[in-house]
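Beneath this line is the structure, given in structure tokens, with notes to follow.
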Amino acid sequence: MTGFFLAGVLAFGCTAPVDNIVGPSSSGFTVGVSALFGGGGLKNDGSSQATIRVEVFNGGQPVDGVAVTLTTTLGTLGSNSLTTANGAATTTLTSSTTTGLASIVATVENVSATTAVPIVSF
């Protein structure tokens with residue numbers, strides 16, 4: 001039942017494509033990042049949120065316990081330091097009151113993957 005709920009959320013939300021999948025890192029990891037948000041972006045109200053998901057693989061297999069550092073150019077991240085479990089780690093991006101494109105960068109070791117979330121006025 002959980003898989004059905006997740007599929008339903010993905011069908012009705014807006015997922016930014018994994019803009020770049022990078023690697024290998026110095027330990028051989030491949031890193032990707034994506035954002036899940038509704039409609040055409042987040043409202044610039046300082047409280048709307050997107051989910052940021054980072055995935056880390058080694059040879060196609062998910063990797064646990066990898067440290068991920070996140071930064072953003074706009075808005076506020078729920079956490080800027082994550083650790084993967086089952087190859088993934090998630091946090092939130094809370095909108096700012098300024099409109100623009102939030103560029104979120106996920107860094108693992110010596111590689112960085114990027115995604116973007118529009119922050120717009122409705």
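Identifiers in the structure tokens: chain A, B, ... in order shown; residue index from 1 per chain; ligand index from 1 in order shown.
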Contacts of Ser81 of chain A within 6 Å, only C-alpha atoms, excl. fewer than 2 positions in-chain, as a ChimeraX atom specification: /A:68-69,79
What parts of chain A does DSSP call helix (DSSP H, G or I)? I'd like the answer as a list of chain:residue names.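 Matching residues, listed in order: A:Thr2, A:Gly3, A:Phe4, A:Phe5, A:Leu6, A:Ala7, A:Gly8, A:Val9, A:Leu10, A:Ala11, A:Phe12.
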Using only C-alpha atoms, which residues sit within 12 Å of Gly60 of chain A once same-chain residues fewer than 2 positions away are excluded, as JSON, numbers by chain? {"A": [23, 24, 28, 29, 30, 31, 55, 56, 57, 58, 62, 63, 87]}
Within 8 Å of Asn110 of chain A, counting only C-alpha atoms, which residues show up once you throw out same-chain ones fewer than 3 positions away? Write them as a ChimeraX atom specification, please. /A:25-26,107
Go ahead and save the residues from that selection, with C-alpha atoms, as a short mmCIF file (atom, residue, chain, number, x, y, z; two decimals), in the first residue's frame.
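What landed in again-v9.cif:
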data_model
loop_
_atom_site.label_atom_id
_atom_site.label_comp_id
_atom_site.auth_asym_id
_atom_site.auth_seq_id
_atom_site.Cartn_x
_atom_site.Cartn_y
_atom_site.Cartn_z
CA SER A 25 33.55 9.99 -6.66
CA SER A 26 36.91 9.14 -5.15
CA THR A 107 28.03 16.97 -2.74
#
Write out as a PyMOL selection string all residues of segment 5-109 of chain A that DSSP puts in strand (DSSP E or B) for this structure's backbone. chain A and resi 14-16+21-22+30-37+42-43+49-58+61-62+67-72+76-77+81-83+85+88-94+100-108
Find the residues near Val105 of chain A: any atom within 12 Å, counting only C-alpha atoms, skip ones fewer than 2 places away on the same chain, and give them as JSON, numbers by chain. {"A": [18, 19, 20, 21, 22, 31, 32, 33, 34, 35, 52, 53, 54, 68, 69, 70, 71, 72, 73, 74, 77, 80, 81, 93, 102, 103, 107, 108, 111, 112, 113, 114, 115, 116, 117]}
Mind writing the picked residues with N, CA and C atoms as a short mmCIF file (atom, residue, chain, number, x, y, z; two decimals), in the first residue's frame?
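out02.cif was written with the following content:
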data_model
loop_
_atom_site.label_atom_id
_atom_site.label_comp_id
_atom_site.auth_asym_id
_atom_site.auth_seq_id
_atom_site.Cartn_x
_atom_site.Cartn_y
_atom_site.Cartn_z
N VAL A 18 16.28 14.61 -12.67
CA VAL A 18 17.62 14.53 -12.12
C VAL A 18 18.50 15.23 -13.14
N ASP A 19 18.82 16.49 -12.84
CA ASP A 19 19.52 17.34 -13.79
C ASP A 19 20.88 16.81 -14.16
N ASN A 20 21.58 16.27 -13.21
CA ASN A 20 22.81 15.60 -13.58
C ASN A 20 23.09 14.51 -12.58
N ILE A 21 23.55 13.42 -13.10
CA ILE A 21 24.01 12.30 -12.29
C ILE A 21 25.51 12.30 -12.49
N VAL A 22 26.24 12.40 -11.41
CA VAL A 22 27.67 12.57 -11.50
C VAL A 22 28.42 11.43 -10.83
N VAL A 31 26.24 9.88 -7.88
CA VAL A 31 25.33 10.72 -7.09
C VAL A 31 24.31 11.38 -8.01
N GLY A 32 23.04 11.37 -7.58
CA GLY A 32 21.97 12.08 -8.28
C GLY A 32 21.10 12.80 -7.28
N VAL A 33 20.46 13.89 -7.72
CA VAL A 33 19.59 14.65 -6.83
C VAL A 33 18.34 15.06 -7.61
N SER A 34 17.19 15.07 -6.93
CA SER A 34 15.94 15.50 -7.56
C SER A 34 15.10 16.26 -6.53
N ALA A 35 14.10 16.98 -7.03
CA ALA A 35 13.21 17.76 -6.16
C ALA A 35 11.77 17.43 -6.50
N ILE A 52 13.65 17.31 -1.20
CA ILE A 52 14.90 17.12 -1.94
C ILE A 52 15.39 15.71 -1.64
N ARG A 53 15.64 14.93 -2.70
CA ARG A 53 16.08 13.54 -2.55
C ARG A 53 17.42 13.35 -3.23
N VAL A 54 18.38 12.80 -2.49
CA VAL A 54 19.70 12.49 -3.01
C VAL A 54 19.84 10.97 -3.02
N VAL A 68 26.41 13.33 2.87
CA VAL A 68 26.01 14.22 1.78
C VAL A 68 25.92 15.64 2.34
N THR A 69 26.53 16.59 1.64
CA THR A 69 26.44 18.00 2.01
C THR A 69 25.57 18.70 0.98
N LEU A 70 24.62 19.51 1.45
CA LEU A 70 23.70 20.23 0.56
C LEU A 70 23.85 21.74 0.74
N THR A 71 23.70 22.46 -0.38
CA THR A 71 23.64 23.92 -0.34
C THR A 71 22.51 24.37 -1.25
N THR A 72 22.02 25.58 -1.03
CA THR A 72 21.01 26.17 -1.91
C THR A 72 21.32 27.65 -2.12
N THR A 73 20.90 28.14 -3.27
CA THR A 73 21.10 29.56 -3.58
C THR A 73 19.91 30.41 -3.16
N LEU A 74 18.78 29.77 -2.81
CA LEU A 74 17.57 30.50 -2.46
C LEU A 74 16.71 29.61 -1.57
N LEU A 77 17.26 25.09 3.53
CA LEU A 77 17.22 23.63 3.60
C LEU A 77 16.90 23.18 5.01
N ASN A 80 21.50 20.63 6.02
CA ASN A 80 22.53 20.73 4.99
C ASN A 80 23.56 19.61 5.09
N SER A 81 23.30 18.68 6.00
CA SER A 81 24.18 17.52 6.17
C SER A 81 23.32 16.29 6.39
N LEU A 93 13.26 21.78 1.23
CA LEU A 93 13.63 23.15 0.88
C LEU A 93 12.41 23.99 1.19
N ALA A 102 15.87 28.38 -7.16
CA ALA A 102 16.75 27.83 -6.12
C ALA A 102 17.57 26.71 -6.75
N SER A 103 18.86 26.84 -6.71
CA SER A 103 19.76 25.80 -7.21
C SER A 103 20.27 25.03 -6.00
N THR A 107 26.63 17.34 -2.57
CA THR A 107 28.03 16.97 -2.74
C THR A 107 28.36 15.73 -1.92
N VAL A 108 28.99 14.76 -2.58
CA VAL A 108 29.51 13.56 -1.94
C VAL A 108 30.98 13.48 -2.34
N VAL A 111 32.43 15.00 -5.80
CA VAL A 111 31.48 15.21 -6.90
C VAL A 111 30.21 15.90 -6.38
N SER A 112 29.59 16.71 -7.26
CA SER A 112 28.38 17.44 -6.90
C SER A 112 27.33 17.30 -7.99
N ALA A 113 26.09 17.03 -7.58
CA ALA A 113 24.94 16.96 -8.48
C ALA A 113 24.01 18.12 -8.15
N THR A 114 23.30 18.63 -9.16
CA THR A 114 22.48 19.83 -8.98
C THR A 114 21.06 19.62 -9.49
N THR A 115 20.08 20.21 -8.79
CA THR A 115 18.71 20.29 -9.25
C THR A 115 18.22 21.71 -8.96
N ALA A 116 17.04 22.05 -9.47
CA ALA A 116 16.53 23.40 -9.28
C ALA A 116 15.05 23.38 -8.94
N VAL A 117 14.63 24.37 -8.14
CA VAL A 117 13.23 24.55 -7.76
C VAL A 117 12.86 26.01 -7.98
#
Residue with smallest distance to Ala50 of chain A - pool A:Ile119, A:Ala85, A:Ile104, A:Leu36, counting only C-alpha atoms: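 Of all the options, A:Leu36 lies closest to Ala50 of chain A.
Ranking A:Val120, A:Gly75, A:Gly100, A:Glu109 by their shortest atom-to-atom distance to Ser47 of chain A, with only C-alpha atoms included, puts A:Gly75 first.
The two atoms in question, atom CA of Gly78 of chain A and atom CA of Asp64 of chain A, are spaced 20.4 Å apart.
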Have a look at A:Val66, A:Ser48, A:Ser27, A:Ser121 and name the one nearest to Ala88 of chain A; count only C-alpha atoms.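 Ranking A:Val66, A:Ser48, A:Ser27, A:Ser121 by distance to Ala88 of chain A, first place goes to A:Val66.
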Report the distance between atom CA of Ala67 of chain A and atom CA of Leu101 of chain A in Å, rounded to one decimal place.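 Computed distance, atom CA of Ala67 of chain A to atom CA of Leu101 of chain A, equals 25.5 Å.
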One decimal, in Å: what's the spacing between atom CA of Thr76 of chain A and atom CA of Thr97 of chain A?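 Interatomic distance, atom CA of Thr76 of chain A to atom CA of Thr97 of chain A: 10.9 Å.
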